[in-house]
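Working notes, structure below.
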Amino acid sequence: MLHTPNHDYRILDAQGAADYLAAHPALAAHLGGTPGEWTCRDVADGNLNSVFLIDGPQGGLCVKQSLPYVRVFGEGWPMDINRARFEHAYASRVAPHVGTLAPRIHHFDETQFITVMEKLEPHIILRNAMLAGRRLPRAVADVAEYAARTAFHTSDLAVPFERKFADAGVFSGNLALQRITVDLVFTDPYVESGRNRVLSPHLDAWAASLREDSALKAAVARHRLAYLSKAQSVLHGDLHTGSVMVTPDDTRIIDGEFALLGPTGFDTGTFIAHYVMAWFARSAHEGSSQENASFRAALADDIVEFWNVFATRFIHLWQEWDGENDGTPRTHFTSGTDRQALDAFRRSYVDEILADTVAFMGVEIIRRIIGFAQLADFTTIADEPARARAMAGALSFARTVLLNPGRFRDVATLVGALLEHERADAGDPQATGNV
Ligand code: SR1
Ligand code: MG
């Protein structure tokens, strides 16, 4: 029997979502006309929740509902419905800092676990745009801006520790989704797990070698500890290209249900990981080799731009916060601190985020190829041997960065290694040349 959180909770279908809006006059007014004039679409795309778009004569709304199970798996995988509350808490926490980089929330229902938000159209999911070979001129810089603002404004650099500990109090309750990350990201790929989805037989040797790779498992274990204990800033927690909606001139970050207080590099590393995987996957996609090569070159540039915008904006926000622009010192980092020492401290802080970014990037790549949550970037490659080669290249790159943390101290070196990797034999998990 399906376990529901309260007697009033009902799972919506598309018509139910429209009926829900009809029963809430302020929301119905947003759509205009009468419910008979509205159209409803089921547009669920992620792994966990229901999402509907309802259009009326005057406007549209998006209705998102948490289900008591994993949507793409079914009732056999129950999932805490309170994730909707954490998503709402996250959206509220970052809203003052991110402006229009996130959708506007109109309504949250704690009984039905429903969020009603601005309908984003003609936006599409960034991953789908990339799969279609479309370049979105603003997306990378906008996500970097979002990551910098959320990271800075929820860190000890900007808020009193009492506020940060209050955030820790809220988001440390998001146990079910942190459990997903601990299991699916940091554990499953390195053990025999029924949830893993290895492209067999092509990647069987890779999967087996990961389970035996003590040095790699130690590196991953170190970063699992950092994920759990490095309370640096409030994280989105699942900041990949499926959590970003885009048009050529607008970018919105959605789906903050995995929010936690954690290491800033987890968000930036996750985002870059999906560009790296798109880069490997593109080698096996349809299209001329020249088109694919130029798209891949653009993806490599995007990674550099993402990091550079993030680092520059983070430091700028910090300088502004410290009153360097208006001369009004606001934190202990400014008063009595020698300017050069302060600059060096800022650089070292951002360098540490980069080191974490690179490592979490590697961890995210491995889990998307071996683990449960596979990506359309790869699954849309019909030719299995070609798909396996692309996946093996990404695995090999991830392993290299995790085993050689000191080698990737700037983004140019990271992207240089990516380009270099193509020339190496990525198919053999034991190939020492990849390490
Ligand atoms: C069961 S949930 C699987 C994955 O989907 C989400 O988008 C997260 O990435 C999670 O790890
Ligand atoms: Mg999601």
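Just so we're on the same page: first chain in the structure tokens is A, next is B, and so on; residues restart at 1 for each chain, and ligands are numbered from 1 in the order they show up.
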
Name all residues at most 12 Å from A:Leu261 (count only C-alpha atoms; drop same-chain ones fewer than 3 positions away) and give them as a VMD selection string.
chain A and resid 86 90 93 150 to 151 154 to 156 163 to 175 178 226 to 237 258 264 to 267

Selection from above, N, CA and C atoms, as an mmCIF file, in the first residue's frame, can you write it?
```cif
data_model
loop_
_atom_site.group_PDB
_atom_site.id
_atom_site.type_symbol
_atom_site.label_atom_id
_atom_site.label_comp_id
_atom_site.auth_asym_id
_atom_site.auth_seq_id
_atom_site.Cartn_x
_atom_site.Cartn_y
_atom_site.Cartn_z
ATOM 1 N N PHE A 86 12.054 21.201 1.572
ATOM 2 C CA PHE A 86 13.455 21.646 1.500
ATOM 3 C C PHE A 86 13.707 22.429 0.220
ATOM 4 N N TYR A 90 15.039 26.156 0.334
ATOM 5 C CA TYR A 90 16.217 26.573 -0.453
ATOM 6 C C TYR A 90 15.868 27.771 -1.342
ATOM 7 N N ARG A 93 15.630 30.785 0.682
ATOM 8 C CA ARG A 93 16.922 31.210 1.244
ATOM 9 C C ARG A 93 17.758 31.970 0.215
ATOM 10 N N THR A 150 25.078 32.452 -4.600
ATOM 11 C CA THR A 150 24.558 31.578 -3.538
ATOM 12 C C THR A 150 25.705 31.134 -2.624
ATOM 13 N N ALA A 151 26.856 30.844 -3.225
ATOM 14 C CA ALA A 151 27.985 30.376 -2.411
ATOM 15 C C ALA A 151 28.470 31.477 -1.476
ATOM 16 N N THR A 154 25.770 32.781 1.384
ATOM 17 C CA THR A 154 25.358 31.852 2.448
ATOM 18 C C THR A 154 26.576 31.324 3.214
ATOM 19 N N SER A 155 27.732 31.921 2.969
ATOM 20 C CA SER A 155 28.961 31.444 3.627
ATOM 21 C C SER A 155 29.301 32.301 4.848
ATOM 22 N N ASP A 156 30.283 31.842 5.596
ATOM 23 C CA ASP A 156 30.757 32.611 6.754
ATOM 24 C C ASP A 156 31.387 33.940 6.346
ATOM 25 N N ARG A 163 23.580 32.760 11.733
ATOM 26 C CA ARG A 163 22.706 32.563 10.570
ATOM 27 C C ARG A 163 23.085 31.271 9.836
ATOM 28 N N LYS A 164 24.376 31.071 9.716
ATOM 29 C CA LYS A 164 24.802 29.862 9.010
ATOM 30 C C LYS A 164 24.387 28.606 9.783
ATOM 31 N N PHE A 165 24.507 28.660 11.097
ATOM 32 C CA PHE A 165 24.106 27.493 11.873
ATOM 33 C C PHE A 165 22.583 27.285 11.789
ATOM 34 N N ALA A 166 21.847 28.396 11.652
ATOM 35 C CA ALA A 166 20.388 28.249 11.462
ATOM 36 C C ALA A 166 20.115 27.547 10.129
ATOM 37 N N ASP A 167 20.867 27.924 9.093
ATOM 38 C CA ASP A 167 20.732 27.225 7.799
ATOM 39 C C ASP A 167 21.084 25.745 7.957
ATOM 40 N N ALA A 168 22.157 25.501 8.710
ATOM 41 C CA ALA A 168 22.560 24.104 8.932
ATOM 42 C C ALA A 168 21.417 23.345 9.603
ATOM 43 N N GLY A 169 20.766 24.009 10.561
ATOM 44 C CA GLY A 169 19.643 23.381 11.265
ATOM 45 C C GLY A 169 18.526 23.005 10.303
ATOM 46 N N VAL A 170 18.219 23.909 9.379
ATOM 47 C CA VAL A 170 17.140 23.623 8.419
ATOM 48 C C VAL A 170 17.540 22.489 7.487
ATOM 49 N N PHE A 171 18.674 22.664 6.819
ATOM 50 C CA PHE A 171 18.986 21.743 5.713
ATOM 51 C C PHE A 171 19.559 20.400 6.189
ATOM 52 N N SER A 172 20.014 20.339 7.442
ATOM 53 C CA SER A 172 20.470 19.032 7.921
ATOM 54 C C SER A 172 19.284 18.078 8.083
ATOM 55 N N GLY A 173 18.060 18.628 8.011
ATOM 56 C CA GLY A 173 16.878 17.755 8.045
ATOM 57 C C GLY A 173 16.591 17.093 6.706
ATOM 58 N N ASN A 174 17.287 17.514 5.665
ATOM 59 C CA ASN A 174 17.005 16.983 4.321
ATOM 60 C C ASN A 174 17.681 15.616 4.137
ATOM 61 N N LEU A 175 17.362 14.733 5.065
ATOM 62 C CA LEU A 175 18.104 13.477 5.173
ATOM 63 C C LEU A 175 17.894 12.550 3.986
ATOM 64 N N GLN A 178 19.880 13.693 0.972
ATOM 65 C CA GLN A 178 21.326 13.539 1.212
ATOM 66 C C GLN A 178 21.695 12.051 1.209
ATOM 67 N N ALA A 226 33.937 15.212 2.952
ATOM 68 C CA ALA A 226 33.822 16.666 2.747
ATOM 69 C C ALA A 226 32.374 17.047 2.458
ATOM 70 N N TYR A 227 31.696 16.241 1.642
ATOM 71 C CA TYR A 227 30.274 16.503 1.344
ATOM 72 C C TYR A 227 29.463 16.549 2.645
ATOM 73 N N LEU A 228 29.791 15.648 3.570
ATOM 74 C CA LEU A 228 29.010 15.555 4.811
ATOM 75 C C LEU A 228 29.436 16.553 5.877
ATOM 76 N N SER A 229 30.674 17.024 5.813
ATOM 77 C CA SER A 229 31.168 17.772 6.977
ATOM 78 C C SER A 229 31.708 19.171 6.670
ATOM 79 N N LYS A 230 31.931 19.510 5.414
ATOM 80 C CA LYS A 230 32.519 20.821 5.107
ATOM 81 C C LYS A 230 31.388 21.826 4.883
ATOM 82 N N ALA A 231 30.932 22.404 5.967
ATOM 83 C CA ALA A 231 29.741 23.262 5.922
ATOM 84 C C ALA A 231 30.112 24.676 5.490
ATOM 85 N N GLN A 232 30.318 24.836 4.188
ATOM 86 C CA GLN A 232 30.860 26.093 3.660
ATOM 87 C C GLN A 232 29.777 27.051 3.183
ATOM 88 N N SER A 233 28.773 26.523 2.499
ATOM 89 C CA SER A 233 27.699 27.386 1.981
ATOM 90 C C SER A 233 26.466 26.522 1.710
ATOM 91 N N VAL A 234 25.327 27.185 1.544
ATOM 92 C CA VAL A 234 24.108 26.438 1.212
ATOM 93 C C VAL A 234 24.197 26.043 -0.261
ATOM 94 N N LEU A 235 24.123 24.744 -0.509
ATOM 95 C CA LEU A 235 24.270 24.221 -1.866
ATOM 96 C C LEU A 235 22.917 23.916 -2.488
ATOM 97 N N HIS A 236 22.867 24.038 -3.791
ATOM 98 C CA HIS A 236 21.730 23.531 -4.561
ATOM 99 C C HIS A 236 21.673 22.005 -4.412
ATOM 100 N N GLY A 237 22.844 21.381 -4.541
ATOM 101 C CA GLY A 237 22.943 19.949 -4.274
ATOM 102 C C GLY A 237 22.724 19.049 -5.482
ATOM 103 N N PHE A 258 17.713 19.046 -3.364
ATOM 104 C CA PHE A 258 18.829 18.346 -2.719
ATOM 105 C C PHE A 258 19.652 19.282 -1.826
ATOM 106 N N THR A 264 31.317 24.243 -1.162
ATOM 107 C CA THR A 264 30.920 25.036 -2.326
ATOM 108 C C THR A 264 31.271 24.324 -3.632
ATOM 109 N N GLY A 265 32.416 23.656 -3.663
ATOM 110 C CA GLY A 265 32.859 22.984 -4.885
ATOM 111 C C GLY A 265 31.967 21.849 -5.324
ATOM 112 N N PHE A 266 31.037 21.420 -4.478
ATOM 113 C CA PHE A 266 30.120 20.348 -4.899
ATOM 114 C C PHE A 266 29.218 20.835 -6.026
ATOM 115 N N ASP A 267 28.660 22.039 -5.882
ATOM 116 C CA ASP A 267 27.796 22.578 -6.949
ATOM 117 C C ASP A 267 28.593 22.863 -8.217
#
```

Write as an mmCIF file with C-alpha atoms, in the first residue's frame the residues around ligand 1, taking 8 Å as the cut-off and counting only C-alpha atoms and all ligand atoms.
```cif
data_model
loop_
_atom_site.group_PDB
_atom_site.id
_atom_site.type_symbol
_atom_site.label_atom_id
_atom_site.label_comp_id
_atom_site.auth_asym_id
_atom_site.auth_seq_id
_atom_site.Cartn_x
_atom_site.Cartn_y
_atom_site.Cartn_z
ATOM 1 C CA GLY A 46 13.424 14.748 -13.704
ATOM 2 C CA ASN A 47 13.691 11.520 -11.742
ATOM 3 C CA LEU A 48 11.573 12.373 -8.732
ATOM 4 C CA VAL A 70 10.874 7.978 -7.069
ATOM 5 C CA VAL A 72 10.992 7.109 -12.713
ATOM 6 C CA PHE A 73 11.155 3.939 -10.605
ATOM 7 C CA LEU A 177 17.910 13.366 -0.415
ATOM 8 C CA ILE A 180 20.393 9.509 -2.157
ATOM 9 C CA THR A 181 23.574 11.454 -2.816
ATOM 10 C CA LEU A 184 24.107 6.943 -5.506
ATOM 11 C CA VAL A 185 27.020 9.342 -5.893
ATOM 12 C CA ASP A 238 22.063 18.791 -7.818
ATOM 13 C CA HIS A 240 23.512 19.833 -13.423
ATOM 14 C CA GLY A 242 18.965 19.211 -16.211
ATOM 15 C CA SER A 243 18.430 21.736 -13.404
ATOM 16 C CA PHE A 258 18.829 18.346 -2.719
ATOM 17 C CA PHE A 372 21.485 4.539 -11.324
ATOM 18 C CA ALA A 373 20.957 8.028 -12.729
#
```

Long-range neighbours of stretch 24-29 of chain A as an mmCIF file with all heavy atoms, in the first residue's frame, 9 Å cut-off, only C-alpha atoms, 4 positions minimum in chain:
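Contents of part-v2.cif, as written:
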```cif
data_model
loop_
_atom_site.group_PDB
_atom_site.id
_atom_site.type_symbol
_atom_site.label_atom_id
_atom_site.label_comp_id
_atom_site.auth_asym_id
_atom_site.auth_seq_id
_atom_site.Cartn_x
_atom_site.Cartn_y
_atom_site.Cartn_z
ATOM 1 N N ALA A 18 -4.947 21.335 -12.769
ATOM 2 C CA ALA A 18 -5.802 22.458 -13.186
ATOM 3 C C ALA A 18 -6.897 22.694 -12.140
ATOM 4 O O ALA A 18 -7.181 23.842 -11.772
ATOM 5 C CB ALA A 18 -6.411 22.171 -14.551
ATOM 6 N N ASP A 19 -7.487 21.602 -11.632
ATOM 7 C CA ASP A 19 -8.531 21.741 -10.604
ATOM 8 C C ASP A 19 -7.960 22.409 -9.355
ATOM 9 O O ASP A 19 -8.628 23.222 -8.707
ATOM 10 C CB ASP A 19 -9.097 20.359 -10.227
ATOM 11 C CG ASP A 19 -9.849 19.710 -11.384
ATOM 12 O OD1 ASP A 19 -10.188 20.416 -12.354
ATOM 13 O OD2 ASP A 19 -10.063 18.474 -11.322
ATOM 14 N N TYR A 20 -6.731 22.054 -9.039
ATOM 15 C CA TYR A 20 -6.082 22.654 -7.860
ATOM 16 C C TYR A 20 -5.980 24.169 -8.031
ATOM 17 O O TYR A 20 -6.310 24.939 -7.125
ATOM 18 C CB TYR A 20 -4.694 22.035 -7.672
ATOM 19 C CG TYR A 20 -3.968 22.557 -6.450
ATOM 20 C CD1 TYR A 20 -4.186 21.988 -5.203
ATOM 21 C CD2 TYR A 20 -3.101 23.643 -6.546
ATOM 22 C CE1 TYR A 20 -3.550 22.475 -4.076
ATOM 23 C CE2 TYR A 20 -2.460 24.139 -5.426
ATOM 24 C CZ TYR A 20 -2.683 23.542 -4.197
ATOM 25 O OH TYR A 20 -2.059 24.041 -3.082
ATOM 26 N N GLY A 33 -9.659 33.830 -17.537
ATOM 27 C CA GLY A 33 -10.710 33.033 -18.157
ATOM 28 C C GLY A 33 -11.354 32.083 -17.162
ATOM 29 O O GLY A 33 -11.326 32.309 -15.948
ATOM 30 N N THR A 34 -11.898 30.997 -17.675
ATOM 31 C CA THR A 34 -12.528 29.987 -16.813
ATOM 32 C C THR A 34 -11.743 28.677 -16.959
ATOM 33 O O THR A 34 -11.062 28.468 -17.975
ATOM 34 C CB THR A 34 -13.980 29.720 -17.263
ATOM 35 O OG1 THR A 34 -13.943 29.237 -18.610
ATOM 36 C CG2 THR A 34 -14.825 30.984 -17.171
ATOM 37 N N PRO A 35 -11.825 27.796 -15.954
ATOM 38 C CA PRO A 35 -11.065 26.544 -16.044
ATOM 39 C C PRO A 35 -11.326 25.781 -17.338
ATOM 40 O O PRO A 35 -10.432 25.105 -17.849
ATOM 41 C CB PRO A 35 -11.531 25.766 -14.809
ATOM 42 C CG PRO A 35 -11.882 26.839 -13.824
ATOM 43 C CD PRO A 35 -12.466 27.967 -14.634
ATOM 44 N N GLY A 56 -3.756 29.513 -19.369
ATOM 45 C CA GLY A 56 -5.068 30.147 -19.515
ATOM 46 C C GLY A 56 -4.952 31.312 -20.474
ATOM 47 O O GLY A 56 -3.857 31.598 -20.978
ATOM 48 N N GLN A 58 -4.818 34.406 -19.952
ATOM 49 C CA GLN A 58 -3.954 35.523 -19.546
ATOM 50 C C GLN A 58 -2.548 35.136 -19.129
ATOM 51 O O GLN A 58 -1.695 35.983 -18.935
ATOM 52 C CB GLN A 58 -4.609 36.271 -18.381
ATOM 53 C CG GLN A 58 -5.681 37.221 -18.842
ATOM 54 C CD GLN A 58 -6.431 37.792 -17.673
ATOM 55 O OE1 GLN A 58 -5.854 37.980 -16.593
ATOM 56 N NE2 GLN A 58 -7.714 38.040 -17.863
ATOM 57 N N LEU A 61 1.049 28.799 -15.500
ATOM 58 C CA LEU A 61 1.716 28.477 -14.236
ATOM 59 C C LEU A 61 2.285 27.063 -14.324
ATOM 60 O O LEU A 61 1.806 26.225 -15.097
ATOM 61 C CB LEU A 61 0.730 28.558 -13.066
ATOM 62 C CG LEU A 61 0.289 29.963 -12.646
ATOM 63 C CD1 LEU A 61 -0.865 29.873 -11.651
ATOM 64 C CD2 LEU A 61 1.454 30.761 -12.039
ATOM 65 N N HIS A 106 4.988 31.225 -6.577
ATOM 66 C CA HIS A 106 3.706 31.884 -6.270
ATOM 67 C C HIS A 106 3.030 31.293 -5.045
ATOM 68 O O HIS A 106 2.252 31.974 -4.377
ATOM 69 C CB HIS A 106 2.750 31.743 -7.463
ATOM 70 C CG HIS A 106 3.157 32.548 -8.650
ATOM 71 N ND1 HIS A 106 2.962 33.910 -8.745
ATOM 72 C CD2 HIS A 106 3.781 32.186 -9.796
ATOM 73 C CE1 HIS A 106 3.419 34.353 -9.905
ATOM 74 N NE2 HIS A 106 3.935 33.324 -10.557
ATOM 75 N N HIS A 107 3.288 30.021 -4.757
ATOM 76 C CA HIS A 107 2.457 29.370 -3.752
ATOM 77 C C HIS A 107 3.127 28.067 -3.322
ATOM 78 O O HIS A 107 3.697 27.356 -4.153
ATOM 79 C CB HIS A 107 1.099 29.070 -4.429
ATOM 80 C CG HIS A 107 0.145 28.249 -3.633
ATOM 81 N ND1 HIS A 107 -0.651 28.774 -2.637
ATOM 82 C CD2 HIS A 107 -0.174 26.916 -3.710
ATOM 83 C CE1 HIS A 107 -1.421 27.808 -2.137
ATOM 84 N NE2 HIS A 107 -1.139 26.683 -2.769
ATOM 85 N N VAL A 116 3.664 26.016 -6.673
ATOM 86 C CA VAL A 116 3.177 26.647 -7.910
ATOM 87 C C VAL A 116 4.135 27.772 -8.229
ATOM 88 O O VAL A 116 4.386 28.640 -7.393
ATOM 89 C CB VAL A 116 1.742 27.172 -7.752
ATOM 90 C CG1 VAL A 116 1.270 27.809 -9.068
ATOM 91 C CG2 VAL A 116 0.800 26.053 -7.331
#
```

_For the structure I just gave you, how does DSSP split stretch 15-157 of chain A - specifically, which residues are helix (DSSP H, G or I)? Reply as JSON, numbers by chain._
{"A": [15, 16, 17, 18, 19, 20, 21, 22, 25, 26, 27, 28, 29, 30, 31, 35, 36, 37, 83, 84, 85, 86, 87, 88, 89, 90, 91, 92, 93, 94, 95, 96, 97, 98, 99, 100, 101, 126, 127, 128, 129, 130, 131, 139, 140, 141, 142, 143, 144, 145, 146, 147, 148, 149, 150, 151, 152, 153]}

### Task
as a PyMOL selection string, please: all residues of stretch 60-289 of chain A that backbone DSSP puts in strand (DSSP E).
chain A and resi 60-65+69-70+74-78+105-109+114-118+124-125+233-235+244-247+250-253+260-262

Preceding selection exported with C-alpha atoms as a PDB file, in the first residue's frame:
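Generated file (result-v3.pdb):
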```
ATOM      1  CA  GLY A  60       0.490  30.174 -17.406  1.00  0.00           C
ATOM      2  CA  LEU A  61       1.716  28.477 -14.236  1.00  0.00           C
ATOM      3  CA  CYS A  62       3.882  25.505 -13.382  1.00  0.00           C
ATOM      4  CA  VAL A  63       2.613  23.044 -10.747  1.00  0.00           C
ATOM      5  CA  LYS A  64       5.175  20.733  -9.193  1.00  0.00           C
ATOM      6  CA  GLN A  65       4.267  17.993  -6.716  1.00  0.00           C
ATOM      7  CA  TYR A  69       8.231   7.532  -4.369  1.00  0.00           C
ATOM      8  CA  VAL A  70      10.874   7.978  -7.069  1.00  0.00           C
ATOM      9  CA  GLY A  74       7.691   3.713  -9.107  1.00  0.00           C
ATOM     10  CA  GLU A  75       6.232   2.824  -5.728  1.00  0.00           C
ATOM     11  CA  GLY A  76       8.928   0.200  -5.129  1.00  0.00           C
ATOM     12  CA  TRP A  77      11.327   3.007  -4.253  1.00  0.00           C
ATOM     13  CA  PRO A  78       9.613   5.121  -1.569  1.00  0.00           C
ATOM     14  CA  ILE A 105       7.407  31.014  -6.530  1.00  0.00           C
ATOM     15  CA  HIS A 106       3.706  31.884  -6.270  1.00  0.00           C
ATOM     16  CA  HIS A 107       2.457  29.370  -3.752  1.00  0.00           C
ATOM     17  CA  PHE A 108       3.576  26.474  -1.535  1.00  0.00           C
ATOM     18  CA  ASP A 109       1.193  23.902  -0.077  1.00  0.00           C
ATOM     19  CA  ILE A 114       2.793  21.327  -4.176  1.00  0.00           C
ATOM     20  CA  THR A 115       4.784  24.300  -5.411  1.00  0.00           C
ATOM     21  CA  VAL A 116       3.177  26.647  -7.910  1.00  0.00           C
ATOM     22  CA  MET A 117       5.691  28.724  -9.763  1.00  0.00           C
ATOM     23  CA  GLU A 118       6.225  30.900 -12.756  1.00  0.00           C
ATOM     24  CA  ILE A 124      13.970  24.437 -22.488  1.00  0.00           C
ATOM     25  CA  ILE A 125      16.196  22.257 -20.312  1.00  0.00           C
ATOM     26  CA  SER A 233      27.699  27.386   1.981  1.00  0.00           C
ATOM     27  CA  VAL A 234      24.108  26.438   1.212  1.00  0.00           C
ATOM     28  CA  LEU A 235      24.270  24.221  -1.866  1.00  0.00           C
ATOM     29  CA  VAL A 244      18.796  24.749 -15.685  1.00  0.00           C
ATOM     30  CA  MET A 245      16.189  26.151 -18.074  1.00  0.00           C
ATOM     31  CA  VAL A 246      17.267  28.434 -20.855  1.00  0.00           C
ATOM     32  CA  THR A 247      16.406  30.653 -23.753  1.00  0.00           C
ATOM     33  CA  ASP A 250      17.400  34.054 -20.082  1.00  0.00           C
ATOM     34  CA  THR A 251      18.610  31.401 -17.623  1.00  0.00           C
ATOM     35  CA  ARG A 252      16.754  29.953 -14.625  1.00  0.00           C
ATOM     36  CA  ILE A 253      18.047  27.491 -12.087  1.00  0.00           C
ATOM     37  CA  LEU A 260      22.296  21.144   2.092  1.00  0.00           C
ATOM     38  CA  LEU A 261      25.036  23.068   3.803  1.00  0.00           C
ATOM     39  CA  GLY A 262      28.168  21.675   2.226  1.00  0.00           C
TER      40      GLY A 262
END
```

Select, from A:Arg409, A:Arg399, A:Arg41, A:Arg224, the residue with the minimum atom-to-atom distance to A:Ile353, counting only C-alpha atoms.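 Closest to A:Ile353 of all the choices is A:Arg409.
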
With distances taken over only C-alpha atoms and all ligand atoms, the candidate from A:Ile381, A:Ala412, A:Leu225, A:Ala44 nearest ligand 2 is A:Ala44

Nearest residue to ligand 2 from the set A:Gly256, A:Ala95, A:Ser193, A:His88 (distances using only C-alpha atoms and all ligand atoms)
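Looking only at the distances to ligand 2, the closest residue turns out to be A:Gly256.
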
* **Using only C-alpha atoms: which of A:Phe152, A:Asp8, A:Pro137, A:Pro248 has the shortest distance to A:Pro122** =>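 Counting only C-alpha atoms, the residue closest to A:Pro122 is A:Pro248.
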
Any idea what's packed within 12 Å of A:Leu403, counting only C-alpha atoms, ignoring anything in its chain fewer than 5 positions away? Could you give it as a list in words? Asp213, Ser214, Ala215, Leu216, Lys217, Ala218, Ala219, Val220, Arg222, Val358, Ala359, Gly362, Val363, Ser396, Phe397, Ala398, Phe408, Thr432, Asn434 and Val435 of chain A

I need the residues from that last selection saved to file as a PDB file, in the first residue's frame (with N, CA and C atoms), if you can.
```pdb
ATOM      1  N   ASP A 213      39.703  -0.572  -6.964  1.00  0.00           N
ATOM      2  CA  ASP A 213      40.667   0.527  -7.057  1.00  0.00           C
ATOM      3  C   ASP A 213      40.778   1.263  -5.704  1.00  0.00           C
ATOM      4  N   SER A 214      41.669   0.754  -4.854  1.00  0.00           N
ATOM      5  CA  SER A 214      41.733   1.284  -3.476  1.00  0.00           C
ATOM      6  C   SER A 214      42.089   2.759  -3.444  1.00  0.00           C
ATOM      7  N   ALA A 215      43.029   3.165  -4.293  1.00  0.00           N
ATOM      8  CA  ALA A 215      43.439   4.576  -4.267  1.00  0.00           C
ATOM      9  C   ALA A 215      42.273   5.469  -4.674  1.00  0.00           C
ATOM     10  N   LEU A 216      41.554   5.036  -5.683  1.00  0.00           N
ATOM     11  CA  LEU A 216      40.407   5.832  -6.135  1.00  0.00           C
ATOM     12  C   LEU A 216      39.327   5.860  -5.058  1.00  0.00           C
ATOM     13  N   LYS A 217      39.063   4.715  -4.450  1.00  0.00           N
ATOM     14  CA  LYS A 217      38.026   4.661  -3.422  1.00  0.00           C
ATOM     15  C   LYS A 217      38.399   5.532  -2.214  1.00  0.00           C
ATOM     16  N   ALA A 218      39.703   5.598  -1.921  1.00  0.00           N
ATOM     17  CA  ALA A 218      40.128   6.471  -0.812  1.00  0.00           C
ATOM     18  C   ALA A 218      39.869   7.938  -1.175  1.00  0.00           C
ATOM     19  N   ALA A 219      40.157   8.300  -2.434  1.00  0.00           N
ATOM     20  CA  ALA A 219      39.915   9.691  -2.860  1.00  0.00           C
ATOM     21  C   ALA A 219      38.424  10.017  -2.788  1.00  0.00           C
ATOM     22  N   VAL A 220      37.599   9.075  -3.224  1.00  0.00           N
ATOM     23  CA  VAL A 220      36.151   9.313  -3.194  1.00  0.00           C
ATOM     24  C   VAL A 220      35.669   9.392  -1.741  1.00  0.00           C
ATOM     25  N   ARG A 222      37.318  10.422   0.823  1.00  0.00           N
ATOM     26  CA  ARG A 222      37.696  11.747   1.362  1.00  0.00           C
ATOM     27  C   ARG A 222      36.663  12.796   0.976  1.00  0.00           C
ATOM     28  N   VAL A 358      37.135  20.167  -8.845  1.00  0.00           N
ATOM     29  CA  VAL A 358      37.727  19.150  -9.724  1.00  0.00           C
ATOM     30  C   VAL A 358      37.420  17.755  -9.182  1.00  0.00           C
ATOM     31  N   ALA A 359      37.557  17.590  -7.889  1.00  0.00           N
ATOM     32  CA  ALA A 359      37.313  16.267  -7.300  1.00  0.00           C
ATOM     33  C   ALA A 359      35.839  15.878  -7.393  1.00  0.00           C
ATOM     34  N   GLY A 362      34.922  14.762 -10.784  1.00  0.00           N
ATOM     35  CA  GLY A 362      35.294  13.368 -11.071  1.00  0.00           C
ATOM     36  C   GLY A 362      34.297  12.386 -10.475  1.00  0.00           C
ATOM     37  N   VAL A 363      33.888  12.643  -9.245  1.00  0.00           N
ATOM     38  CA  VAL A 363      32.946  11.744  -8.561  1.00  0.00           C
ATOM     39  C   VAL A 363      31.604  11.722  -9.304  1.00  0.00           C
ATOM     40  N   SER A 396      37.812   7.410 -17.503  1.00  0.00           N
ATOM     41  CA  SER A 396      39.266   7.489 -17.399  1.00  0.00           C
ATOM     42  C   SER A 396      39.710   8.891 -16.978  1.00  0.00           C
ATOM     43  N   PHE A 397      39.064   9.899 -17.564  1.00  0.00           N
ATOM     44  CA  PHE A 397      39.389  11.287 -17.203  1.00  0.00           C
ATOM     45  C   PHE A 397      39.053  11.540 -15.720  1.00  0.00           C
ATOM     46  N   ALA A 398      37.893  11.066 -15.298  1.00  0.00           N
ATOM     47  CA  ALA A 398      37.483  11.261 -13.899  1.00  0.00           C
ATOM     48  C   ALA A 398      38.488  10.613 -12.951  1.00  0.00           C
ATOM     49  N   PHE A 408      45.815  19.718 -11.054  1.00  0.00           N
ATOM     50  CA  PHE A 408      44.804  20.570 -11.702  1.00  0.00           C
ATOM     51  C   PHE A 408      44.522  21.805 -10.845  1.00  0.00           C
ATOM     52  N   THR A 432      48.000   2.383 -17.463  1.00  0.00           N
ATOM     53  CA  THR A 432      48.692   3.307 -16.562  1.00  0.00           C
ATOM     54  C   THR A 432      48.898   4.663 -17.220  1.00  0.00           C
ATOM     55  N   ASN A 434      46.828   6.474 -18.444  1.00  0.00           N
ATOM     56  CA  ASN A 434      45.751   7.403 -18.113  1.00  0.00           C
ATOM     57  C   ASN A 434      45.940   8.016 -16.736  1.00  0.00           C
ATOM     58  N   VAL A 435      46.854   7.541 -15.990  1.00  0.00           N
ATOM     59  CA  VAL A 435      47.042   8.044 -14.628  1.00  0.00           C
ATOM     60  C   VAL A 435      48.292   8.878 -14.563  1.00  0.00           C
TER      61      VAL A 435
END
```
